[in-house]
Amino acid sequence: NKEEIILAIETSCDETAMAIVKNGRELVANVVASQIESHKRFGGVVPEIASRHHIEQITVVLDETLAEANMTMDDIDAIAVTEGPGLVGALLIGVTAAKSLAFAHQKPLIGVHHIAGHIYANRLLQEFSFPLLSLVVSGGHTELILMKDHGQFEVIGETRDDAAGEAYDKVAKTLGLPYPGGPYIDKLAQQGKDTFHFTRALLNEESYDFSFSGLKTAVMNTMHNAKQKGEQLSSEDIAASFQQSVIDVLVEKTFRATREYKVKQLIVAGGVSANKGLRKRLEEKFANEEVELVIPPLHLCTDNAAMIGAAGSIAFQQGHRAELDLNANPGLSL
Ligand code: KG4
Ligand code: ZN
């Protein structure tokens with residue numbers, strides 16, 4: 001009945017994050033060093049800058065995490081790290097740190113898929129009951145994933161082009177908003193109305209796939225045409241119309257899938273699940289359904305290491321171990 005203490009490391013993009021998770025479900029420490037300010041002036045994440053920041057921050061974040069938990073490396077049972085997908089240089093810093101710690105302190109090492117992490121963030125709130133459906137909406141991914149058991153991921157639908165978060169960030173850029181644009185559009189959208197009725201791509205198709213690049217182009221064309229005519233469009237209405245289109249498709253397809261696969265839970269995951277409009281619509285849509293809706297608190301929606309610890313714990317219990325030749329894998333599949 002010994003407690004299981006996992007130190008988790010996440011460096012796949014622009015957050016240097018570490019966490020300590022107890023028994024897979026209890027968050028003991030959670031530190032996220034964000035680099036957003038350094039990337040803002042470039043309008044997106046610059047991989048080289050991300051890697052340098054991770055190198056500067058990684059040992060600082062480790063010390064902070066252990067201090068927050070009031071622990072030393074002696075208390076740690078295993079080390080979990082994001083091995084992919086993500087920026088290769090950024091991933092490498094986390095993977096190298098994890099391997100060094102595992103070697104120096106003789107601890108087992110576990111490689112974790114970043115999206116498995118986003119999904120398992122929800123297990124810090126609520127025990128999973130299978131079958132469950134996960135809607136994963138992040139900067140790099142938009143997927144509907146069916147899980148019949150722990151550690152088993154079946155992708156039943158995914159984006160054919162841009163990820164939802166990517167569309168948010170691109171539309172935000174067109175509106176002259178800072179990076180990352182999702183939260184800014186979300187805020188503007190609260191003050192606007194869906195006056196443009198942009199396309200709802202693939203909504204009436206049977207597949208669970210998504211497409212957001214046509215929507216992004218529609219928004220850009222609308223703004224371009226207005227500019228040529230010297231018209232002033234309401235940014236609030238553009239944001240609201242764009243957001244409504246994204247949410248309509250995400251919520252409707254997700255709803256259909258929960259019915260078809262008769263799932264017990266709907267687990268929402270990834271940075272875009274921080275979106276207020278999406279959260280509200282999901283809560284309304286599933287209020288009278290038997291499906292249990294689980295959405296993480298905001299700080300567990302965007303990248304963090306707590307989620308890697310939660311996913312790592314299950315992998316650890318299932319006997320998965322990585323060796324010291326573990327490598328960063330930017331294109332890792334689930
Ligand atoms: O999961 P995440 O932190 O990193 C990836 O793994 O991609 O997701 C980042 C994405 C960005 O595209 C960001 O704009 C989006 O999540 N995002 C949001 C909101 N907060 C973050 N999108 C819409 N509304 C939000 N409130
Ligand atoms: Zn992520």
# chains A, B, ... in the order shown; residues from 1 in each chain; ligands from 1
$ select_by_dssp --residues "segment 64-287 of chain A" --states "strand (DSSP E)" --output "PyMOL selection string"
chain A and resi 78-84+109-113+132-137+142-147+154-158+265-269
$ select_by_dssp --residues "segment 46-106 of chain A" --states "alpha helix (DSSP H)" --output "VMD selection string"
chain A and resid 47 to 69 88 to 105
$ residues_near_ligand --ligand "ligand 1" --cutoff "9 Å" --atoms "only C-alpha atoms and all ligand atoms" --output "CSV table (one decimal) with N, CA and C atoms, in the first residue's frame"
chain,number,residue,atom,x,y,z
A,12,SER,N,7.2,20.3,-24.3
A,12,SER,CA,7.0,20.1,-25.8
A,12,SER,C,6.9,21.3,-26.6
A,13,CYS,N,6.5,22.4,-25.9
A,13,CYS,CA,6.3,23.7,-26.7
A,13,CYS,C,6.9,24.9,-26.0
A,14,ASP,N,6.1,25.7,-25.4
A,14,ASP,CA,6.6,27.0,-24.8
A,14,ASP,C,6.4,27.1,-23.4
A,15,GLU,N,6.1,26.0,-22.7
A,15,GLU,CA,6.1,26.0,-21.2
A,15,GLU,C,7.1,25.0,-20.7
A,85,PRO,N,4.1,14.3,-29.2
A,85,PRO,CA,4.7,15.1,-30.2
A,85,PRO,C,5.0,16.5,-29.7
A,86,GLY,N,5.7,17.3,-30.5
A,86,GLY,CA,6.0,18.7,-30.2
A,86,GLY,C,7.2,19.2,-30.9
A,114,HIS,N,2.0,13.5,-25.4
A,114,HIS,CA,1.5,14.7,-24.9
A,114,HIS,C,0.0,14.8,-24.9
A,115,ILE,N,-0.7,14.1,-25.8
A,115,ILE,CA,-2.1,14.1,-25.9
A,115,ILE,C,-2.7,13.2,-24.9
A,118,HIS,N,-2.9,15.4,-22.0
A,118,HIS,CA,-4.1,16.3,-21.9
A,118,HIS,C,-5.3,15.5,-21.5
A,136,VAL,N,-10.3,16.3,-27.9
A,136,VAL,CA,-9.0,17.0,-27.7
A,136,VAL,C,-8.9,18.1,-28.6
A,137,VAL,N,-8.8,19.3,-28.0
A,137,VAL,CA,-8.8,20.5,-28.8
A,137,VAL,C,-7.6,21.4,-28.4
A,138,SER,N,-6.5,21.4,-29.1
A,138,SER,CA,-5.3,22.1,-28.7
A,138,SER,C,-4.8,22.9,-29.9
A,139,GLY,N,-3.6,23.5,-29.7
A,139,GLY,CA,-2.9,24.2,-30.8
A,139,GLY,C,-2.5,23.3,-31.9
A,140,GLY,N,-2.2,22.1,-31.6
A,140,GLY,CA,-1.7,21.2,-32.6
A,140,GLY,C,-2.7,20.0,-33.0
A,141,HIS,N,-3.7,19.8,-32.2
A,141,HIS,CA,-4.6,18.7,-32.3
A,141,HIS,C,-6.1,19.0,-32.2
A,163,ALA,N,-5.7,22.6,-36.8
A,163,ALA,CA,-6.3,22.3,-35.5
A,163,ALA,C,-7.1,23.5,-35.0
A,164,ALA,N,-8.1,23.3,-34.1
A,164,ALA,CA,-8.9,24.4,-33.7
A,164,ALA,C,-8.1,25.5,-33.1
A,165,GLY,N,-7.2,25.2,-32.2
A,165,GLY,CA,-6.3,26.3,-31.6
A,165,GLY,C,-5.5,27.0,-32.6
A,166,GLU,N,-5.1,26.3,-33.7
A,166,GLU,CA,-4.3,26.9,-34.7
A,166,GLU,C,-5.2,28.0,-35.5
A,167,ALA,N,-6.5,27.6,-35.7
A,167,ALA,CA,-7.4,28.5,-36.4
A,167,ALA,C,-7.7,29.7,-35.5
A,168,TYR,N,-7.8,29.5,-34.2
A,168,TYR,CA,-8.0,30.6,-33.3
A,168,TYR,C,-6.8,31.6,-33.4
A,169,ASP,N,-5.6,31.0,-33.4
A,169,ASP,CA,-4.4,31.8,-33.4
A,169,ASP,C,-4.2,32.6,-34.7
A,170,LYS,N,-4.6,31.9,-35.8
A,170,LYS,CA,-4.4,32.6,-37.1
A,170,LYS,C,-5.5,33.7,-37.3
A,172,ALA,N,-6.9,35.3,-34.9
A,172,ALA,CA,-6.5,36.4,-33.9
A,172,ALA,C,-5.4,37.3,-34.5
A,179,TYR,N,-0.3,36.9,-29.5
A,179,TYR,CA,-0.2,35.5,-29.5
A,179,TYR,C,-0.2,35.0,-28.0
A,180,PRO,N,-0.8,33.9,-27.6
A,180,PRO,CA,-1.7,33.1,-28.4
A,180,PRO,C,-3.1,33.7,-28.4
A,181,GLY,N,-3.7,33.7,-29.6
A,181,GLY,CA,-4.9,34.5,-29.7
A,181,GLY,C,-6.2,33.9,-29.1
A,182,GLY,N,-6.2,32.6,-28.8
A,182,GLY,CA,-7.5,32.0,-28.3
A,182,GLY,C,-8.2,32.8,-27.2
A,183,PRO,N,-7.5,33.1,-26.2
A,183,PRO,CA,-8.1,33.8,-25.0
A,183,PRO,C,-8.7,35.2,-25.5
A,184,TYR,N,-8.0,35.8,-26.4
A,184,TYR,CA,-8.4,37.2,-26.8
A,184,TYR,C,-9.7,37.1,-27.6
A,185,ILE,N,-9.7,36.1,-28.5
A,185,ILE,CA,-10.9,36.0,-29.3
A,185,ILE,C,-12.1,35.6,-28.4
A,186,ASP,N,-11.8,34.7,-27.5
A,186,ASP,CA,-12.8,34.2,-26.5
A,186,ASP,C,-13.5,35.5,-25.9
A,187,LYS,N,-12.6,36.4,-25.4
A,187,LYS,CA,-13.1,37.6,-24.7
A,187,LYS,C,-13.9,38.5,-25.6
A,243,GLN,N,-16.1,32.1,-33.5
A,243,GLN,CA,-16.2,31.2,-32.4
A,243,GLN,C,-17.5,30.3,-32.4
A,269,ALA,N,-10.3,18.1,-23.4
A,269,ALA,CA,-8.9,18.2,-23.1
A,269,ALA,C,-8.2,19.2,-24.1
A,270,GLY,N,-7.1,19.8,-23.7
A,270,GLY,CA,-6.3,20.7,-24.6
A,270,GLY,C,-6.6,22.1,-24.3
A,271,GLY,N,-5.7,23.0,-24.8
A,271,GLY,CA,-5.8,24.4,-24.6
A,271,GLY,C,-7.1,25.1,-24.9
A,272,VAL,N,-7.7,24.6,-26.0
A,272,VAL,CA,-9.0,25.3,-26.4
A,272,VAL,C,-10.2,24.9,-25.5
A,273,SER,N,-10.0,23.9,-24.6
A,273,SER,CA,-11.0,23.6,-23.7
A,273,SER,C,-11.1,24.7,-22.6
A,274,ALA,N,-10.2,25.6,-22.6
A,274,ALA,CA,-10.2,26.8,-21.7
A,274,ALA,C,-11.3,27.8,-22.2
A,275,ASN,N,-11.7,27.6,-23.4
A,275,ASN,CA,-12.7,28.5,-24.0
A,275,ASN,C,-14.0,28.6,-23.3
A,276,LYS,N,-14.4,29.8,-22.9
A,276,LYS,CA,-15.6,30.0,-22.1
A,276,LYS,C,-16.8,29.6,-22.9
A,277,GLY,N,-16.9,30.0,-24.2
A,277,GLY,CA,-18.0,29.7,-25.0
A,277,GLY,C,-18.2,28.2,-25.2
A,278,LEU,N,-17.1,27.5,-25.4
A,278,LEU,CA,-17.2,26.1,-25.6
A,278,LEU,C,-17.6,25.4,-24.4
A,298,LEU,N,-9.0,25.8,-15.7
A,298,LEU,CA,-8.3,26.4,-16.7
A,298,LEU,C,-6.8,26.1,-16.7
A,300,LEU,N,-5.3,23.5,-15.9
A,300,LEU,CA,-5.0,22.1,-16.4
A,300,LEU,C,-5.4,21.9,-17.9
A,301,CYS,N,-6.0,23.0,-18.5
A,301,CYS,CA,-6.3,22.9,-19.9
A,301,CYS,C,-5.1,23.1,-20.8
A,302,THR,N,-4.4,24.2,-20.5
A,302,THR,CA,-3.2,24.5,-21.3
A,302,THR,C,-2.0,23.6,-20.8
A,303,ASP,N,-0.9,23.6,-21.5
A,303,ASP,CA,0.2,22.7,-21.2
A,303,ASP,C,0.7,22.8,-19.8
A,304,ASN,N,0.9,21.7,-19.2
A,304,ASN,CA,1.4,21.6,-17.8
A,304,ASN,C,2.0,20.2,-17.6
$ residues_around --residues "Ala50 of chain A" --least-positions-apart "5" --cutoff "12 Å" --atoms "only C-alpha atoms" --output "list in words"
Thr11, Ser12, Cys13, Asp14, Glu15, Thr16, Ala33, Ser34, Gln35, Ile36, Glu37, Ser38, His39, Lys40, Gly44, Val45, Ile55, Glu56, Gln57, Ile58, Gly86, Leu87, Val88, Gly89, Ala90, Leu91, Leu92, Ile93 and Gly94 of chain A
$ residues_around --residues "Ala102 of chain A" --least-positions-apart "2" --cutoff "12 Å" --atoms "only C-alpha atoms" --output "PyMOL selection string"
chain A and resi 6-8+73-74+76-81+95-100+104-111+321-326
$ residues_around --residues "Thr65 of chain A" --least-positions-apart "3" --cutoff "9 Å" --atoms "only C-alpha atoms" --output "PyMOL selection string"
chain A and resi 7+18-20+29-31+60-62+68-71
$ write_last_selection --atoms "N, CA and C atoms" --output "short mmCIF file (atom, residue, chain, number, x, y, z; two decimals), in the first residue's frame"
data_model
loop_
_atom_site.label_atom_id
_atom_site.label_comp_id
_atom_site.auth_asym_id
_atom_site.auth_seq_id
_atom_site.Cartn_x
_atom_site.Cartn_y
_atom_site.Cartn_z
N LEU A 7 7.50 12.17 -10.53
CA LEU A 7 7.95 13.49 -10.96
C LEU A 7 7.74 13.56 -12.48
N MET A 18 7.00 21.25 -14.60
CA MET A 18 7.23 20.02 -13.81
C MET A 18 6.15 19.92 -12.76
N ALA A 19 5.86 18.68 -12.38
CA ALA A 19 4.83 18.45 -11.37
C ALA A 19 5.15 17.19 -10.60
N ILE A 20 4.58 17.08 -9.42
CA ILE A 20 4.67 15.84 -8.64
C ILE A 20 3.26 15.35 -8.39
N ALA A 29 2.55 19.04 -6.39
CA ALA A 29 3.22 20.29 -6.79
C ALA A 29 3.03 20.47 -8.29
N ASN A 30 2.92 21.71 -8.72
CA ASN A 30 2.68 21.99 -10.13
C ASN A 30 3.30 23.33 -10.49
N VAL A 31 4.39 23.28 -11.26
CA VAL A 31 5.09 24.52 -11.62
C VAL A 31 5.11 24.66 -13.14
N VAL A 60 15.83 25.33 -12.56
CA VAL A 60 15.11 26.24 -11.67
C VAL A 60 13.73 25.66 -11.35
N VAL A 61 13.06 25.18 -12.40
CA VAL A 61 11.72 24.62 -12.24
C VAL A 61 11.77 23.34 -11.39
N LEU A 62 12.83 22.52 -11.58
CA LEU A 62 12.98 21.31 -10.77
C LEU A 62 13.09 21.66 -9.29
N GLU A 68 8.17 23.03 -3.55
CA GLU A 68 6.72 23.16 -3.38
C GLU A 68 6.12 21.90 -2.74
N ALA A 69 6.71 20.74 -3.09
CA ALA A 69 6.21 19.48 -2.55
C ALA A 69 6.86 19.14 -1.21
N ASN A 70 7.89 19.92 -0.85
CA ASN A 70 8.67 19.64 0.34
C ASN A 70 9.28 18.23 0.26
N MET A 71 9.86 17.93 -0.91
CA MET A 71 10.43 16.61 -1.15
C MET A 71 11.84 16.73 -1.70
#
$ residues_around --residues "Tyr208 of chain A" --least-positions-apart "4" --cutoff "12 Å" --atoms "only C-alpha atoms" --output "PyMOL selection string"
chain A and resi 135+142-146+155-160+201-204+249-258+260
$ closest_residue --among "A:Glu231, A:Glu4, A:Asp237, A:Glu292" --to "Val219 of chain A" --atoms "only C-alpha atoms"
A:Asp237
$ closest_residue --among "A:Leu282, A:Ala287, A:Ala17, A:Ile314" --to "ligand 2" --atoms "only C-alpha atoms and all ligand atoms"
A:Ala17
$ residues_around --residues "Lys2 of chain A" --least-positions-apart "4" --cutoff "12 Å" --atoms "only C-alpha atoms" --output "list in words"
Lys22, Asn23, Asp75 and Asp77 of chain A
$ atom_distance --atom1 "atom CA of Ala218 of chain A" --atom2 "atom CA of Glu205 of chain A"
19.6 Å
$ closest_residue --among "A:Val21, A:Ala328, A:Ile119, A:Leu233" --to "ligand 2" --atoms "only C-alpha atoms and all ligand atoms"
A:Ile119
$ closest_residue --among "A:Ile49, A:Val263, A:Ala305, A:Val246" --to "ligand 2" --atoms "only C-alpha atoms and all ligand atoms"
A:Ala305
